[in-house]
Structures are given as C-alpha cells and as structure tokens.
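Undergrad: Before I ask anything, here is the structure I am working with.
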Amino acid sequence: MNSDKFTLNTDIDLIEKNKNNNSLIGLILCGGRSTRMQTDKAFIEYHQMPQAYYLYNQLNAICDQVYLSFNQTQISKLNSAYPSIIDHLKYENSGPIAAILSAMEIHQNKSFLVLACDYPLLTIEDIIKLKTTWENENNSVSFYNNKTNFREPLLAIYHLKDLLELAKFYKKGNTSLQFFLNEINAEKIQAISKKNLTSIDTKEAFEKTYHLINNY
C-alpha cells in the first residue's frame with residue numbers, strides 16, 4: 001500500500017479508554033443542502049454509510065449521549081435509530097448556533113461536543129484530543145486552522161460554564177460561534193494533521209477525498 005495514502009484509525013482500545021464520561025453530549029450538525037455539493041453533506045457516504053451515522057458511531061464511543069442535529073427543513077430525514085434534535089423554531093435562520101441553543105433546552109447541565117459533517121478526514125484521535133483538552137483545561141476548546149487563522153467553531157467543545165454566556169450572546173443579536181469562541185478565549189488546539197481540517201464542499205473534492213479515505 002502507498003504510504004502516502006490516508007489510513008483510517010479505528011483503534012478500539014483508544015476509544016474504550018475515553019468512553020467513561022457522564023457530562024459530555026455529542027452533537028452532530030447535519031446542516032442542510034449544500035449549494036455546491038447539491039445534496040445534504042450529512043448523507044454523503046465516505047465509509048459505506050451516511051457521514052452523519054458514521055460520526056454518530058464515533059462519538060457514541062466517547063460521549064455520554066449523542067444526537068443528530070437537524071433544522072426544520074430536514075424533518076423528513078429523521079431516522080428513529082439515531083436520536084435527533086430539531087432546531088427550535090424560535091432560533092430559525094440563526095445558523096449553527098441554533099443547534100446548540102436547541103440542545104441546551106434539553107440538557108441544561110452538560111457540555112457539548114459539536115461536530116459538523118463537512119470534515120471527513122478528521123480522525124478519532126483528533127476528537128479524543130479535543131475531549132482531553134476540554135477535560136484537562138476545564139474550558140471550551142476548538143481546533144485552530146493555521147491556514148485560515150480562524151478557530152473552527154463546528155469542531156469544538158462548548159463547556160457548560162460558557163453556555164449561559166452563549167445564551168446571552170444570542171439574545172444580544174449575535175449568532176457567530178467563531179466570534180463567541182474568540183470572545184471567551186476558548187482553548188485552541190491543532191489537528192494531528194493539517195489535512196484533517198479540510199472542509200469538503202464540492203463534488204470534485206468529495207471524489208478525491210473518497211478515494212483518499214478508501215485507498216484507491
């Protein structure tokens with residue numbers, strides 16, 4: 001096998017060591033129809049199943065509970081096998097912050113590990129690194145993209161101690177999660193590999209990434 005090709009890590013021991021946690025909720029952002037991709041990114045298959053379900057299985061191994069997050073237009077996509085949270089109507093057209101605020105109404109004393117479906121190269125090691133930093137620093141944390149010089153607000157853990165501030169932030173008319181993470185000075189970490197933070201937004205990028213993941 002070509003050593004330059006991407007290898008998916010499925011180290012069961014690594015997952016099991018990080019499973020025991022009763023205060024972290026996984027929230028997989030399923031978003032909606034991508035204009036450039038012309039389909040819901042959540043249901044694109046890189047690993048022989050829709051990406052949202054694949055991420056659910058990964059987070060289910062290390063979080064207390066996991067939910068797929070949908071907006072109001074995606075109700076027809078719900079699958080009873082996967083617990084889901086629908087964005088509340090009062091947060092309509094607010095962007096990804098709606099997912100966290102809606103989940104907060106169900107879990108008011110939990111931190112949230114937020115993961116978008118746009119990053120199929122992100123590994124379980126990256127996710128565990130995110131979780132470990134949250135535990136060790138007792139703070140909100142996100143990946144930091146050196147290429148864009150921005151925090152990645154959809155690859156982040158929002159600590160329960162910051163969620164009241166998030167609600168206040170929204171009530172002031174703010175919706176940018178990236179701005180919020182900057183405002184609270186959340187921890188910043190690097191992905192294990194720079195390519196792991198690549199957002200896949202076009203059909204061409206999907207084809208290339210699919211072949212990379214599946215080694216052909």
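Chain identifiers are assigned as A, B, and so on, following the order in which chains appear in the structure tokens; residues are numbered from 1 within each chain, and ligands are numbered from 1 in order of appearance.
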Using only C-alpha atoms, which residues sit within 12 Å of range 33-44 of chain A once same-chain residues fewer than 4 positions away are excluded, as a VMD selection string?
TA: chain A and resid 28 to 29 48 to 56 68 to 71 73 to 74 77 to 79 115 to 120 199 to 207 209 to 210
Undergrad: Any idea what's packed within 12 Å of Ser176 in chain A, counting only C-alpha atoms, ignoring anything in its chain fewer than 6 positions away? Could you give it as a VMD selection string?
TA: chain A and resid 94 to 98 151 to 154 166 169 to 170 182 to 183
Undergrad: Run DSSP on the backbone of this structure and report the residues of range 53-142 of chain A it assigns to strand (DSSP E or B), as an MDAnalysis selection string.
TA: chainID A and resid 65:70 84:86 111:116 141:142
Undergrad: Would you put the residues from that selection into a file with N, CA and C atoms, as a short mmCIF file (atom, residue, chain, number, x, y, z; two decimals), in the first residue's frame?
TA:
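Output contents, as saved in result01.cif:
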```cif
data_model
loop_
_atom_site.label_atom_id
_atom_site.label_comp_id
_atom_site.auth_asym_id
_atom_site.auth_seq_id
_atom_site.Cartn_x
_atom_site.Cartn_y
_atom_site.Cartn_z
N GLN A 65 -24.07 10.86 25.65
CA GLN A 65 -25.18 10.74 24.71
C GLN A 65 -24.81 11.48 23.43
N VAL A 66 -25.40 11.07 22.33
CA VAL A 66 -25.12 11.70 21.04
C VAL A 66 -26.44 11.95 20.32
N TYR A 67 -26.52 13.10 19.65
CA TYR A 67 -27.70 13.44 18.87
C TYR A 67 -27.29 13.93 17.49
N LEU A 68 -28.13 13.63 16.51
CA LEU A 68 -28.02 14.29 15.22
C LEU A 68 -28.84 15.56 15.31
N SER A 69 -28.30 16.66 14.80
CA SER A 69 -28.98 17.94 14.85
C SER A 69 -29.47 18.31 13.45
N PHE A 70 -30.78 18.56 13.35
CA PHE A 70 -31.39 18.91 12.08
C PHE A 70 -32.11 20.24 12.18
N SER A 84 -32.31 12.36 17.68
CA SER A 84 -32.16 13.61 16.95
C SER A 84 -32.77 14.77 17.72
N ILE A 85 -32.26 15.97 17.44
CA ILE A 85 -32.81 17.21 17.97
C ILE A 85 -33.09 18.13 16.79
N ILE A 86 -34.30 18.64 16.72
CA ILE A 86 -34.68 19.56 15.67
C ILE A 86 -34.50 20.98 16.19
N SER A 111 -21.88 19.81 28.84
CA SER A 111 -21.06 20.41 27.79
C SER A 111 -21.40 19.73 26.47
N PHE A 112 -21.10 20.42 25.36
CA PHE A 112 -21.45 19.89 24.05
C PHE A 112 -20.23 19.78 23.14
N LEU A 113 -20.03 18.57 22.63
CA LEU A 113 -19.02 18.34 21.61
C LEU A 113 -19.74 18.50 20.27
N VAL A 114 -19.41 19.55 19.55
CA VAL A 114 -20.08 19.89 18.30
C VAL A 114 -19.20 19.48 17.13
N LEU A 115 -19.79 18.72 16.22
CA LEU A 115 -19.03 18.20 15.09
C LEU A 115 -19.87 18.31 13.82
N ALA A 116 -19.36 19.03 12.83
CA ALA A 116 -20.05 19.14 11.55
C ALA A 116 -19.67 17.98 10.64
N VAL A 141 -13.08 24.54 24.00
CA VAL A 141 -11.90 24.31 23.16
C VAL A 141 -12.35 24.07 21.73
N SER A 142 -11.53 24.53 20.79
CA SER A 142 -11.82 24.25 19.37
C SER A 142 -10.50 23.99 18.65
#
```
Undergrad: Extract, using only C-alpha atoms, all DNA, RNA and protein residues at most 10 Å from Ser23 in chain A, discarding same-chain residues fewer than 4 positions from it, and format them as number ranges by chain.
TA: A: 63-65, 107, 109-112, 159-160
Undergrad: Generate a file of the selected residues that holds C-alpha atoms, formatted as a short mmCIF file (atom, residue, chain, number, x, y, z; two decimals), in the first residue's frame.
TA:
```cif
data_model
loop_
_atom_site.label_atom_id
_atom_site.label_comp_id
_atom_site.auth_asym_id
_atom_site.auth_seq_id
_atom_site.Cartn_x
_atom_site.Cartn_y
_atom_site.Cartn_z
CA CYS A 63 -19.73 10.71 24.83
CA ASP A 64 -22.50 10.12 27.34
CA GLN A 65 -25.18 10.74 24.71
CA HIS A 107 -29.60 19.28 28.52
CA ASN A 109 -26.08 20.99 32.72
CA LYS A 110 -23.92 19.42 30.04
CA SER A 111 -21.06 20.41 27.79
CA PHE A 112 -21.45 19.89 24.05
CA HIS A 159 -18.06 23.95 28.13
CA LEU A 160 -21.18 24.06 30.27
#
```
Undergrad: Residues of range 3-119 of chain A in alpha helix (DSSP H) according to DSSP, as an mmCIF file with C-alpha atoms, in the first residue's frame?
TA:
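The new file result.cif reads:
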```
data_model
loop_
_atom_site.group_PDB
_atom_site.id
_atom_site.type_symbol
_atom_site.label_atom_id
_atom_site.label_comp_id
_atom_site.auth_asym_id
_atom_site.auth_seq_id
_atom_site.Cartn_x
_atom_site.Cartn_y
_atom_site.Cartn_z
ATOM 1 C CA ILE A 12 -10.853 0.134 19.779
ATOM 2 C CA ASP A 13 -8.609 0.380 22.852
ATOM 3 C CA LEU A 14 -8.111 4.091 22.225
ATOM 4 C CA ILE A 15 -11.866 4.584 22.076
ATOM 5 C CA GLU A 16 -12.600 2.489 25.160
ATOM 6 C CA LYS A 17 -10.090 4.415 27.298
ATOM 7 C CA GLN A 51 -21.428 10.544 7.211
ATOM 8 C CA ALA A 52 -23.806 11.608 9.989
ATOM 9 C CA TYR A 53 -24.295 7.990 11.061
ATOM 10 C CA TYR A 54 -20.575 7.302 10.884
ATOM 11 C CA LEU A 55 -19.869 10.291 13.150
ATOM 12 C CA TYR A 56 -22.658 9.205 15.489
ATOM 13 C CA ASN A 57 -20.930 5.852 15.962
ATOM 14 C CA GLN A 58 -17.597 7.538 16.656
ATOM 15 C CA LEU A 59 -18.984 9.995 19.195
ATOM 16 C CA ASN A 60 -21.182 7.366 20.805
ATOM 17 C CA ILE A 97 -25.810 28.378 16.994
ATOM 18 C CA ALA A 98 -29.442 27.215 16.748
ATOM 19 C CA ALA A 99 -28.312 23.608 17.174
ATOM 20 C CA ILE A 100 -26.538 24.305 20.459
ATOM 21 C CA LEU A 101 -29.295 26.529 21.853
ATOM 22 C CA SER A 102 -31.926 23.914 20.979
ATOM 23 C CA ALA A 103 -29.876 21.157 22.606
ATOM 24 C CA MET A 104 -29.399 23.335 25.715
#
```
Undergrad: Counting only C-alpha atoms, which of A:Leu164, A:Thr148, A:Asn215, A:Ile189 gets nearest to Lys131 in chain A?
TA: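 Ranked by minimum distance to Lys131 in chain A, first place goes to A:Ile189.
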Undergrad: State, in Å with one decimal place, the distance from CA of Leu121 in chain A to CA of Asn196 in chain A.
TA: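 Taking CA of Leu121 in chain A as the start and CA of Asn196 in chain A as the end point, the length is 4.6 Å.
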Undergrad: Find the distance between CA of Ala156 in chain A and CA of Asp87 in chain A and write it in Å to one decimal.
TA: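 Between CA of Ala156 in chain A and CA of Asp87 in chain A the gap is 18.7 Å.
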Undergrad: Report as a compact mmCIF listing (two decimals) with N, CA and C atoms, in the first residue's frame all protein, DNA and RNA residues lying within 12 Å of Lys188 in chain A, evaluated on only C-alpha atoms, omitting residues in the same chain fewer than 2 positions from it.
TA:
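Final output, result.txt:
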```
# COMPACT_ATOMS: atom_id res chain seq x y z
N LYS A 129 -8.37 14.07 21.25
CA LYS A 129 -7.50 15.19 21.64
C LYS A 129 -8.35 16.39 22.06
N LEU A 130 -9.42 16.64 21.32
CA LEU A 130 -10.34 17.72 21.66
C LEU A 130 -10.95 17.48 23.04
N THR A 133 -8.36 17.82 25.95
CA THR A 133 -8.06 19.22 26.26
C THR A 133 -9.18 19.84 27.07
N TRP A 134 -10.41 19.55 26.69
CA TRP A 134 -11.57 20.05 27.45
C TRP A 134 -11.51 19.58 28.90
N GLU A 137 -8.15 21.23 30.67
CA GLU A 137 -8.16 22.68 30.82
C GLU A 137 -9.45 23.20 31.46
N ASN A 139 -12.26 23.94 30.13
CA ASN A 139 -12.58 25.13 29.35
C ASN A 139 -13.15 24.72 28.00
N SER A 140 -13.83 25.64 27.33
CA SER A 140 -14.23 25.40 25.95
C SER A 140 -12.99 25.31 25.08
N VAL A 141 -13.08 24.54 24.00
CA VAL A 141 -11.90 24.31 23.16
C VAL A 141 -12.35 24.07 21.73
N SER A 142 -11.53 24.53 20.79
CA SER A 142 -11.82 24.25 19.37
C SER A 142 -10.50 23.99 18.65
N PHE A 143 -10.63 23.37 17.49
CA PHE A 143 -9.47 23.26 16.62
C PHE A 143 -9.19 24.64 16.03
N TYR A 144 -7.91 24.86 15.74
CA TYR A 144 -7.49 26.13 15.14
C TYR A 144 -6.84 25.82 13.80
N ASN A 145 -7.34 26.52 12.78
CA ASN A 145 -6.85 26.30 11.42
C ASN A 145 -5.77 27.32 11.09
N ASN A 146 -4.53 26.87 11.03
CA ASN A 146 -3.42 27.79 10.73
C ASN A 146 -3.49 28.35 9.32
N ASN A 149 -6.24 30.95 9.80
CA ASN A 149 -6.05 31.74 11.03
C ASN A 149 -7.37 31.96 11.77
N PHE A 150 -8.23 30.95 11.74
CA PHE A 150 -9.51 31.02 12.43
C PHE A 150 -9.71 29.78 13.30
N ARG A 151 -10.45 29.98 14.40
CA ARG A 151 -10.95 28.83 15.14
C ARG A 151 -11.99 28.11 14.28
N GLU A 152 -12.15 26.82 14.53
CA GLU A 152 -13.17 26.03 13.83
C GLU A 152 -14.34 25.81 14.80
N PRO A 153 -15.36 26.67 14.75
CA PRO A 153 -16.44 26.59 15.74
C PRO A 153 -17.33 25.37 15.61
N LEU A 155 -16.04 22.39 15.08
CA LEU A 155 -15.19 21.29 15.55
C LEU A 155 -14.72 21.71 16.93
N ALA A 156 -15.62 21.68 17.88
CA ALA A 156 -15.34 22.33 19.17
C ALA A 156 -16.14 21.68 20.29
N ILE A 157 -15.69 21.95 21.52
CA ILE A 157 -16.47 21.60 22.70
C ILE A 157 -16.81 22.90 23.42
N GLN A 178 -17.86 31.51 15.94
CA GLN A 178 -16.43 31.83 15.90
C GLN A 178 -16.15 33.08 16.73
N LEU A 181 -16.35 32.14 20.44
CA LEU A 181 -15.16 31.44 20.94
C LEU A 181 -14.00 32.41 21.14
N ASN A 182 -13.87 33.37 20.26
CA ASN A 182 -12.84 34.40 20.43
C ASN A 182 -13.12 35.23 21.68
N ILE A 184 -14.71 34.47 24.44
CA ILE A 184 -14.48 33.78 25.71
C ILE A 184 -13.06 33.23 25.82
N ASN A 185 -12.26 33.47 24.78
CA ASN A 185 -10.87 33.00 24.75
C ASN A 185 -10.79 31.48 24.95
N ALA A 186 -11.55 30.76 24.15
CA ALA A 186 -11.54 29.30 24.22
C ALA A 186 -10.15 28.76 23.88
N GLN A 190 -4.32 22.10 17.70
CA GLN A 190 -4.04 21.74 16.32
C GLN A 190 -4.53 20.31 16.05
N ALA A 191 -5.01 20.10 14.85
CA ALA A 191 -5.33 18.73 14.44
C ALA A 191 -4.04 17.94 14.28
```
